[in-house]
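J.: My structure is below; once you've seen it, I'll send some questions.
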Amino acid sequence: MILVVFALVLWALGWWLNARLAAGPQADTRAVQLLVPVIFGLTIVAVWELLVRGLNVPLVILPAPSVIAARFADSLTTLWADFVQTILKGALSGYVIGCSAAFLTAIAVDRSEFLRMGLLPVGNFVAALPIVGTAPILVMWFGFDWQSKSAVVVVMVFFPMLVNTVAGLRETTAMQRDLMETYAATYWQSFFKLRLPAAMPFIFNGLKISTTLALIGAIVAEFFGSPIVGVGFRISTSVGQLALDMVWAEIVVAALAGTLFYGAVAAIERAVTFWHPSQRK
Amino acid sequence: MTNESNSQPVIEARQLDLTFETNDGPVHALKDVDLTVEKGDFVSFIGPSGCGKTTFLRCIAALEAPTGGTLSVNGMTPDEARRQRAYGYVFQAAGLYPWRTIAKNIKLPLEIMGYSREKQQERVKSVLELVDLEGFGEKFPWQLSGGMQQRASIARALAFDADILLMDEPFGALDEIVRDHLNEQLLALWARTGKTIGFVTHSIPEAVYLSTRIVVMSPRPGRITDVIESPLPSERPLDIRDSPEFIEVAHRVREGLRAGHSYDE
Amino acid sequence: MKSVLAVLTVVAALVALWYAACVPMNIKGVLTEAERAGAEVEPASPRERREASAFGLVAKNGFAIPATWAQERPRLPAPHQVVIELWDTTVAQNITSKRSLVYHGWVTLSATLMGFVIGTGLGILLAVGIVHSRVMDMSVMPWAIVSQTIPIIALAPMIIVVLYSIGIQGIIPKAVISAYLSFFPVVVGMVKGLRSPDAMQLDLLRTYNASQSQGFWKLRLPASMPYLFASLKIGIAASLVGAIVGELPTGAVAGLGARLLAGSYYGQTVQIWSALFAAAILAASLVALLGLMERKVLKRMGMA
């Protein structure tokens, strides 16, 4: 019971501290803007730990963060193998193939007004569908190993990427196009010098959306069949064994992978589209 | 260098027509436009919106195709002239590419036209001087003021040494003080380079101050109602705008605009 | 008009491509069946056929092409097979029957809607809190944004099992998954929307000495509507995926996810495809419905 009270006190303390920081004179500095969410996150983790211990919550319902961390540290080799199988082999390969295929398709589509008019609504329509449902079919076709996961990812990222790239390639003003016209520029000259750079913010938007979709696809596809390694496989079997600490460890892996993946793409975006109003400082 | 007509005219329009088909029926953007522009002329097109001044400029640039009459640029069709890169075009907004520095923006047409690297460098340097932007080559467009951006876009149009400069309300979006300054600079530049300039505006003082000839146009259908030869000397300080000659010309332009408009109201 | 034609052309091309793909995909199975039925196939030995390329087999056994569109359990069912299955399992079945896709669709849809309503409700509340409280903004908003980059759907199997172990099952666990999947997009979109009025509009209200709540009801909330609908559309699609995935780990017997899983266990490809299309139709209708509401609401507000 003491631990529960302590948890409540800690929560109040954390909130009070953040409130002070947020209302304080330094609230707009980078350091404080980073510090406040970190304090919030740490408070949540600490309260979680104390409540689980104080209320004796069984492991099969919610393991304490310390238990998860211990499990994480003990299972590094397993977790690494799962990471390689699901994230590097399944998600990343599918991401690269799917995004490049969509990019090339977008360039082809862009040359024909008719194709673009037809494909854009269809692409938008497909992008809203639960594509992850194709997983059982693709697992049947490509087998249990990472190739089928990669295929699911390809299908998942293709349409969002296509729609964004096609929209981006249209993102030039009439004036910019007229300017190229006055130079008598060829199609490819105006493509590389005008339309492609102008499309970059959209292309990166597609790439960023696709990072999350790629991980979802690779993990969920493993629920439909996989070799005995992989994040999705480990989650579904550990859930079956009620080893929730392992499930949480895998979720930490997925979260880290997702954040890093997205962060990497966002960093490249900042370097490439530094000129865009949303990126200027 | 100015009004000397030695051989063929630079721009020659005869009975030029352009009709747009819209949902509300045909719109006569240009009707029976006759105009001859000689080498070294500074011709302004002035008129209310819808009078076809921009459309006419776009026809010269082969951005619009006339539906009737003839139009020649340097003795060729406008499209041939465009392919020979006969003119530089300055739009209403600077339209610089935000991902390129000022210097690289000016290089854009040079890259497309296949100039050598050294030649590009040399051109950029000389046109930056021409528009008074030395030292700003490595800046990005969004780091400069609107007036500087528009000067950079003029530099871009000058870079490949076309002998015609077509300008579509290039200073329309700028405030009056900046605009006066740029007008003065443009005149100096014209005197130095001897280019033929077609200049669209809806400011009477601007047209009178800059031009050797002022083409007054009116809408529905878009047509030329008057062509005024400016009696002003080629040397024009800003305060020439207070002189009786200037006011006289401005008055004529205003009369022309009113006459073209009268049956409308 | 021209765009309708363009869309139809693209759809027709996709269907044609699908039919064409059925031929090489299914040829091996068809030839095996044909051989069993006593027909002459080329090459005759099953081993050679297994190693031969699908296109080579098609070229040598042209007679088998129609059969590739009519198999019982094809690797890739032809479009009409899927359509017939959809018809048989919807219109031709009593909707309370376990074989009816309407029944399975309803099981999934009810969880989706319940979760969606809870998730968006809480999401909007949190967004309002974030916009009005600087502490909440600084503490919670970064995490809400980060949550968009991680596959939180991986939590789904655990939620099912944990809730089961404390005695909750049926629609609630799936609704919980649907709820948290739609929650974050709505928070992020709604915060953006509530912040969309520009400084001039806010200053105008200040000159009227308007209160916080007046500012909220008269400016921020109306201004947020386009953003709200955009994120609702993302949220409902995420909710549906959540409900479907929520049906996978427990071996549920009802719902579109259960149909997918059962189909993949028993190699019933036509059933998988029809469940997939049912899910797609459901998703499309939900998004279209929201789109319709969006148009209505924005029109009434004079924003569209």
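Convention: chains lettered A, B, ... in structure tokens order; per-chain residue numbering from 1; ligands numbered from 1 as shown.
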Any idea which chain A residues end up within 8 Å of chain C if we count only C-alpha atoms, as a count of residues only please?
T.: 53
J.: Would you return as number ranges by chain the members of stretch 86-254 of chain A that DSSP assigns to alpha helix (DSSP H) on this structure's backbone?
T.: A: 93-110, 113-127, 135-142, 146-169, 174-182, 187-190, 196-222, 231-240, 244-254
J.: Using only C-alpha atoms and a distance of at most 10 Å, pull out the residues of chain B that contact chain A, as a PDB file with N, CA and C atoms, in the first residue's frame.
T.:
```pdb
ATOM      1  N   ARG B  58       2.618  36.444 -73.935  1.00  0.00           N
ATOM      2  CA  ARG B  58       2.755  34.990 -73.936  1.00  0.00           C
ATOM      3  C   ARG B  58       2.745  34.426 -75.356  1.00  0.00           C
ATOM      4  N   ALA B  61       6.100  34.776 -76.671  1.00  0.00           N
ATOM      5  CA  ALA B  61       6.981  33.782 -76.065  1.00  0.00           C
ATOM      6  C   ALA B  61       6.608  32.358 -76.454  1.00  0.00           C
ATOM      7  N   ALA B  62       5.591  32.182 -77.310  1.00  0.00           N
ATOM      8  CA  ALA B  62       5.115  30.858 -77.718  1.00  0.00           C
ATOM      9  C   ALA B  62       4.590  30.057 -76.533  1.00  0.00           C
ATOM     10  N   LEU B  63       4.120  30.759 -75.503  1.00  0.00           N
ATOM     11  CA  LEU B  63       3.456  30.057 -74.406  1.00  0.00           C
ATOM     12  C   LEU B  63       1.965  29.935 -74.685  1.00  0.00           C
ATOM     13  N   ASP B  79       7.547  29.920 -81.968  1.00  0.00           N
ATOM     14  CA  ASP B  79       8.056  28.661 -81.433  1.00  0.00           C
ATOM     15  C   ASP B  79       9.484  28.400 -81.883  1.00  0.00           C
ATOM     16  N   GLU B  80       9.797  28.744 -83.115  1.00  0.00           N
ATOM     17  CA  GLU B  80      11.185  28.617 -83.574  1.00  0.00           C
ATOM     18  C   GLU B  80      12.098  29.528 -82.764  1.00  0.00           C
ATOM     19  N   ALA B  81      11.588  30.728 -82.512  1.00  0.00           N
ATOM     20  CA  ALA B  81      12.379  31.683 -81.723  1.00  0.00           C
ATOM     21  C   ALA B  81      12.621  31.139 -80.323  1.00  0.00           C
ATOM     22  N   ARG B  82      11.574  30.501 -79.770  1.00  0.00           N
ATOM     23  CA  ARG B  82      11.716  29.933 -78.432  1.00  0.00           C
ATOM     24  C   ARG B  82      12.798  28.851 -78.443  1.00  0.00           C
ATOM     25  N   ARG B  83      12.749  28.003 -79.478  1.00  0.00           N
ATOM     26  CA  ARG B  83      13.742  26.929 -79.540  1.00  0.00           C
ATOM     27  C   ARG B  83      15.158  27.483 -79.706  1.00  0.00           C
ATOM     28  N   GLN B  84      15.263  28.661 -80.345  1.00  0.00           N
ATOM     29  CA  GLN B  84      16.582  29.273 -80.487  1.00  0.00           C
ATOM     30  C   GLN B  84      16.953  30.113 -79.273  1.00  0.00           C
ATOM     31  N   ARG B  85      16.107  30.064 -78.275  1.00  0.00           N
ATOM     32  CA  ARG B  85      16.312  30.818 -77.040  1.00  0.00           C
ATOM     33  C   ARG B  85      16.532  32.298 -77.332  1.00  0.00           C
ATOM     34  N   ALA B  86      15.546  32.859 -78.058  1.00  0.00           N
ATOM     35  CA  ALA B  86      15.683  34.234 -78.519  1.00  0.00           C
ATOM     36  C   ALA B  86      15.316  35.253 -77.456  1.00  0.00           C
ATOM     37  N   TYR B  87      14.603  34.825 -76.397  1.00  0.00           N
ATOM     38  CA  TYR B  87      14.151  35.809 -75.424  1.00  0.00           C
ATOM     39  C   TYR B  87      14.320  35.295 -73.999  1.00  0.00           C
ATOM     40  N   GLY B  88      14.437  36.251 -73.080  1.00  0.00           N
ATOM     41  CA  GLY B  88      14.359  35.921 -71.666  1.00  0.00           C
ATOM     42  C   GLY B  88      13.033  36.422 -71.141  1.00  0.00           C
ATOM     43  N   TYR B  89      12.409  35.652 -70.263  1.00  0.00           N
ATOM     44  CA  TYR B  89      11.065  36.002 -69.796  1.00  0.00           C
ATOM     45  C   TYR B  89      11.131  36.224 -68.289  1.00  0.00           C
ATOM     46  N   VAL B  90      10.567  37.353 -67.843  1.00  0.00           N
ATOM     47  CA  VAL B  90      10.507  37.627 -66.405  1.00  0.00           C
ATOM     48  C   VAL B  90       9.042  37.622 -65.996  1.00  0.00           C
ATOM     49  N   PHE B  91       8.714  36.775 -65.023  1.00  0.00           N
ATOM     50  CA  PHE B  91       7.317  36.630 -64.627  1.00  0.00           C
ATOM     51  C   PHE B  91       6.964  37.616 -63.520  1.00  0.00           C
ATOM     52  N   GLN B  92       5.678  37.628 -63.192  1.00  0.00           N
ATOM     53  CA  GLN B  92       5.160  38.537 -62.176  1.00  0.00           C
ATOM     54  C   GLN B  92       5.809  38.290 -60.818  1.00  0.00           C
ATOM     55  N   ALA B  93       5.982  36.989 -60.482  1.00  0.00           N
ATOM     56  CA  ALA B  93       6.706  36.651 -59.262  1.00  0.00           C
ATOM     57  C   ALA B  93       8.090  36.168 -59.672  1.00  0.00           C
ATOM     58  N   ALA B  94       9.037  36.264 -58.745  1.00  0.00           N
ATOM     59  CA  ALA B  94      10.408  35.920 -59.095  1.00  0.00           C
ATOM     60  C   ALA B  94      10.504  34.455 -59.524  1.00  0.00           C
ATOM     61  N   GLY B  95       9.768  33.580 -58.829  1.00  0.00           N
ATOM     62  CA  GLY B  95       9.757  32.175 -59.217  1.00  0.00           C
ATOM     63  C   GLY B  95      11.120  31.525 -59.199  1.00  0.00           C
ATOM     64  N   LEU B  96      11.939  31.935 -58.236  1.00  0.00           N
ATOM     65  CA  LEU B  96      13.247  31.282 -58.105  1.00  0.00           C
ATOM     66  C   LEU B  96      13.046  29.937 -57.428  1.00  0.00           C
ATOM     67  N   TYR B  97      13.870  28.948 -57.767  1.00  0.00           N
ATOM     68  CA  TYR B  97      13.717  27.640 -57.142  1.00  0.00           C
ATOM     69  C   TYR B  97      14.314  27.686 -55.741  1.00  0.00           C
ATOM     70  N   PRO B  98      13.494  27.364 -54.740  1.00  0.00           N
ATOM     71  CA  PRO B  98      13.972  27.527 -53.357  1.00  0.00           C
ATOM     72  C   PRO B  98      15.122  26.589 -53.007  1.00  0.00           C
ATOM     73  N   TRP B  99      15.282  25.498 -53.788  1.00  0.00           N
ATOM     74  CA  TRP B  99      16.352  24.559 -53.442  1.00  0.00           C
ATOM     75  C   TRP B  99      17.678  24.934 -54.095  1.00  0.00           C
ATOM     76  N   ARG B 100      17.692  26.023 -54.867  1.00  0.00           N
ATOM     77  CA  ARG B 100      18.938  26.445 -55.493  1.00  0.00           C
ATOM     78  C   ARG B 100      19.357  27.803 -54.923  1.00  0.00           C
ATOM     79  N   THR B 101      20.657  28.009 -54.819  1.00  0.00           N
ATOM     80  CA  THR B 101      21.138  29.323 -54.408  1.00  0.00           C
ATOM     81  C   THR B 101      20.879  30.299 -55.550  1.00  0.00           C
ATOM     82  N   LEU B 108      20.556  28.016 -63.977  1.00  0.00           N
ATOM     83  CA  LEU B 108      19.555  27.068 -64.473  1.00  0.00           C
ATOM     84  C   LEU B 108      19.387  27.092 -65.992  1.00  0.00           C
ATOM     85  N   PRO B 109      19.084  28.274 -66.597  1.00  0.00           N
ATOM     86  CA  PRO B 109      18.936  28.253 -68.056  1.00  0.00           C
ATOM     87  C   PRO B 109      20.249  27.872 -68.749  1.00  0.00           C
ATOM     88  N   LEU B 110      21.387  28.260 -68.144  1.00  0.00           N
ATOM     89  CA  LEU B 110      22.677  27.976 -68.778  1.00  0.00           C
ATOM     90  C   LEU B 110      22.927  26.469 -68.807  1.00  0.00           C
ATOM     91  N   GLU B 111      22.554  25.784 -67.699  1.00  0.00           N
ATOM     92  CA  GLU B 111      22.705  24.330 -67.664  1.00  0.00           C
ATOM     93  C   GLU B 111      21.842  23.686 -68.744  1.00  0.00           C
ATOM     94  N   ILE B 112      20.603  24.188 -68.839  1.00  0.00           N
ATOM     95  CA  ILE B 112      19.681  23.586 -69.803  1.00  0.00           C
ATOM     96  C   ILE B 112      20.184  23.813 -71.220  1.00  0.00           C
ATOM     97  N   MET B 113      20.788  24.964 -71.455  1.00  0.00           N
ATOM     98  CA  MET B 113      21.239  25.273 -72.803  1.00  0.00           C
ATOM     99  C   MET B 113      22.635  24.754 -73.083  1.00  0.00           C
ATOM    100  N   PHE B 140      20.255  31.701 -50.427  1.00  0.00           N
ATOM    101  CA  PHE B 140      19.074  31.072 -50.990  1.00  0.00           C
ATOM    102  C   PHE B 140      17.995  32.141 -51.188  1.00  0.00           C
ATOM    103  N   PRO B 141      17.107  31.945 -52.185  1.00  0.00           N
ATOM    104  CA  PRO B 141      16.131  32.988 -52.509  1.00  0.00           C
ATOM    105  C   PRO B 141      15.334  33.443 -51.293  1.00  0.00           C
ATOM    106  N   TRP B 142      14.950  32.493 -50.440  1.00  0.00           N
ATOM    107  CA  TRP B 142      14.087  32.845 -49.314  1.00  0.00           C
ATOM    108  C   TRP B 142      14.843  33.598 -48.239  1.00  0.00           C
ATOM    109  N   ALA B 157      17.043  35.978 -66.443  1.00  0.00           N
ATOM    110  CA  ALA B 157      16.579  36.148 -67.818  1.00  0.00           C
ATOM    111  C   ALA B 157      17.665  36.736 -68.707  1.00  0.00           C
ATOM    112  N   PHE B 160      21.532  34.301 -70.404  1.00  0.00           N
ATOM    113  CA  PHE B 160      21.910  33.606 -71.643  1.00  0.00           C
ATOM    114  C   PHE B 160      21.890  34.528 -72.852  1.00  0.00           C
TER     115      PHE B 160
END
```
J.: Using only C-alpha atoms, determine which residues lie at most 10 Å from stretch 42-51 of chain A, disregarding the query and same-chain residues fewer than 6 positions distant; provide the list as an MDAnalysis selection string.
T.: chainID A and resid 1:15 36 57 62:67
J.: Env of B:Met148: 10 Å cut, atoms = only C-alpha atoms, seq-sep filter 2 positions within chain, self excluded. Answer as a list in words.
T.: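 Within the cut-off, the hits are Ala94, Val131, Asp132, Leu133, Phe136, Pro141, Gln143, Leu144, Ser145, Gly146, Gln150, Arg151, Ala152, Ser153, Ile154, Val178 and Leu182 of chain B.
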J.: For B:Thr54, list every protein, DNA or RNA residue within 7 Å, evaluated using only C-alpha atoms, and leave out those in the same chain fewer than 3 positions away; present the list as a ChimeraX atom specification.
T.: /B:57-58,168,200
J.: Since we have the selection now, will you write its residues out, keeping C-alpha atoms, as an mmCIF file, in the first residue's frame?
T.:
```
data_model
loop_
_atom_site.group_PDB
_atom_site.id
_atom_site.type_symbol
_atom_site.label_atom_id
_atom_site.label_comp_id
_atom_site.auth_asym_id
_atom_site.auth_seq_id
_atom_site.Cartn_x
_atom_site.Cartn_y
_atom_site.Cartn_z
ATOM 1 C CA LEU B 57 3.344 38.721 -74.390
ATOM 2 C CA ARG B 58 2.755 34.990 -73.936
ATOM 3 C CA ASP B 168 5.137 40.435 -67.380
ATOM 4 C CA VAL B 200 3.513 44.533 -69.335
#
```
J.: So which residues touch stretch 94-109 of chain A within 9 Å, counting only C-alpha atoms, skipping near sequence neighbours fewer than 3 positions away, as a PDB file with C-alpha atoms, in the first residue's frame?
T.:
```pdb
ATOM      1  CA  LYS A  89      15.197  -8.835 -43.875  1.00  0.00           C
ATOM      2  CA  GLY A  90      11.426  -8.508 -43.986  1.00  0.00           C
ATOM      3  CA  ALA A  91      10.579  -4.842 -43.523  1.00  0.00           C
ATOM      4  CA  SER A 112       0.348  10.374 -69.313  1.00  0.00           C
ATOM      5  CA  GLU A 113      -2.462  12.647 -68.192  1.00  0.00           C
ATOM      6  CA  PHE A 114      -4.987   9.853 -68.799  1.00  0.00           C
ATOM      7  CA  LEU A 115      -3.111   7.286 -66.698  1.00  0.00           C
ATOM      8  CA  ARG A 116      -2.689   9.759 -63.882  1.00  0.00           C
ATOM      9  CA  LEU A 119      -4.624   5.719 -61.330  1.00  0.00           C
ATOM     10  CA  GLN A 147      10.389 -13.265 -48.533  1.00  0.00           C
ATOM     11  CA  LYS A 149       6.985 -10.627 -45.224  1.00  0.00           C
ATOM     12  CA  SER A 150       8.886  -8.563 -47.718  1.00  0.00           C
ATOM     13  CA  ALA A 151       6.095  -9.121 -50.251  1.00  0.00           C
ATOM     14  CA  VAL A 152       3.445  -7.946 -47.763  1.00  0.00           C
ATOM     15  CA  VAL A 153       5.508  -4.825 -47.103  1.00  0.00           C
ATOM     16  CA  VAL A 154       5.866  -4.160 -50.838  1.00  0.00           C
ATOM     17  CA  VAL A 155       2.092  -4.263 -51.278  1.00  0.00           C
ATOM     18  CA  MET A 156       1.524  -2.108 -48.210  1.00  0.00           C
ATOM     19  CA  VAL A 157       3.928   0.714 -49.041  1.00  0.00           C
ATOM     20  CA  PHE A 158       3.357   0.753 -52.795  1.00  0.00           C
ATOM     21  CA  PHE A 159       0.161   2.764 -53.014  1.00  0.00           C
ATOM     22  CA  PRO A 160       0.810   5.424 -50.361  1.00  0.00           C
ATOM     23  CA  MET A 161       4.196   6.014 -51.951  1.00  0.00           C
ATOM     24  CA  LEU A 162       2.734   6.080 -55.462  1.00  0.00           C
ATOM     25  CA  VAL A 163       0.007   8.549 -54.567  1.00  0.00           C
ATOM     26  CA  ASN A 164       2.439  10.865 -52.798  1.00  0.00           C
ATOM     27  CA  THR A 165       5.011  10.792 -55.583  1.00  0.00           C
ATOM     28  CA  VAL A 166       2.448  11.402 -58.315  1.00  0.00           C
ATOM     29  CA  LEU A 169       5.450  15.557 -59.374  1.00  0.00           C
ATOM     30  CA  ILE A 203       8.199  11.918 -51.737  1.00  0.00           C
ATOM     31  CA  GLY A 206       5.386   8.984 -48.597  1.00  0.00           C
ATOM     32  CA  LEU A 207       8.673   7.524 -47.379  1.00  0.00           C
ATOM     33  CA  SER A 210       5.828   3.899 -45.350  1.00  0.00           C
ATOM     34  CA  THR A 211       8.342   3.301 -42.539  1.00  0.00           C
ATOM     35  CA  LEU A 213       3.532   0.614 -42.597  1.00  0.00           C
ATOM     36  CA  ALA A 214       6.571  -1.527 -43.377  1.00  0.00           C
ATOM     37  CA  ALA A 218       6.328  -7.374 -41.501  1.00  0.00           C
TER      38      ALA A 218
END
```
J.: Using only C-alpha atoms, which residues sit within 8 Å of stretch 184-189 of chain B once same-chain residues fewer than 3 positions away are excluded, as a PyMOL selection string?
T.: chain B and resi 130-131+180-181+192-193+210+237-238
J.: For atom CA of A:Ser238 and atom CA of C:Phe116, determine how far apart the two atoms are, in Å to one decimal place.
T.: 28.1 Å
J.: If you measure from atom CA of B:Ser243 to atom CA of B:Pro205, what distance in Å do you get, rounded to one decimal?
T.: 12.1 Å
J.: Using only C-alpha atoms, pick whichever of C:Arg259, C:Lys192, C:Lys174, C:Lys28 has the shortest atom-to-atom distance to C:Met114.
T.: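 Among C:Arg259, C:Lys192, C:Lys174, C:Lys28, it is C:Lys174 that comes nearest to C:Met114.
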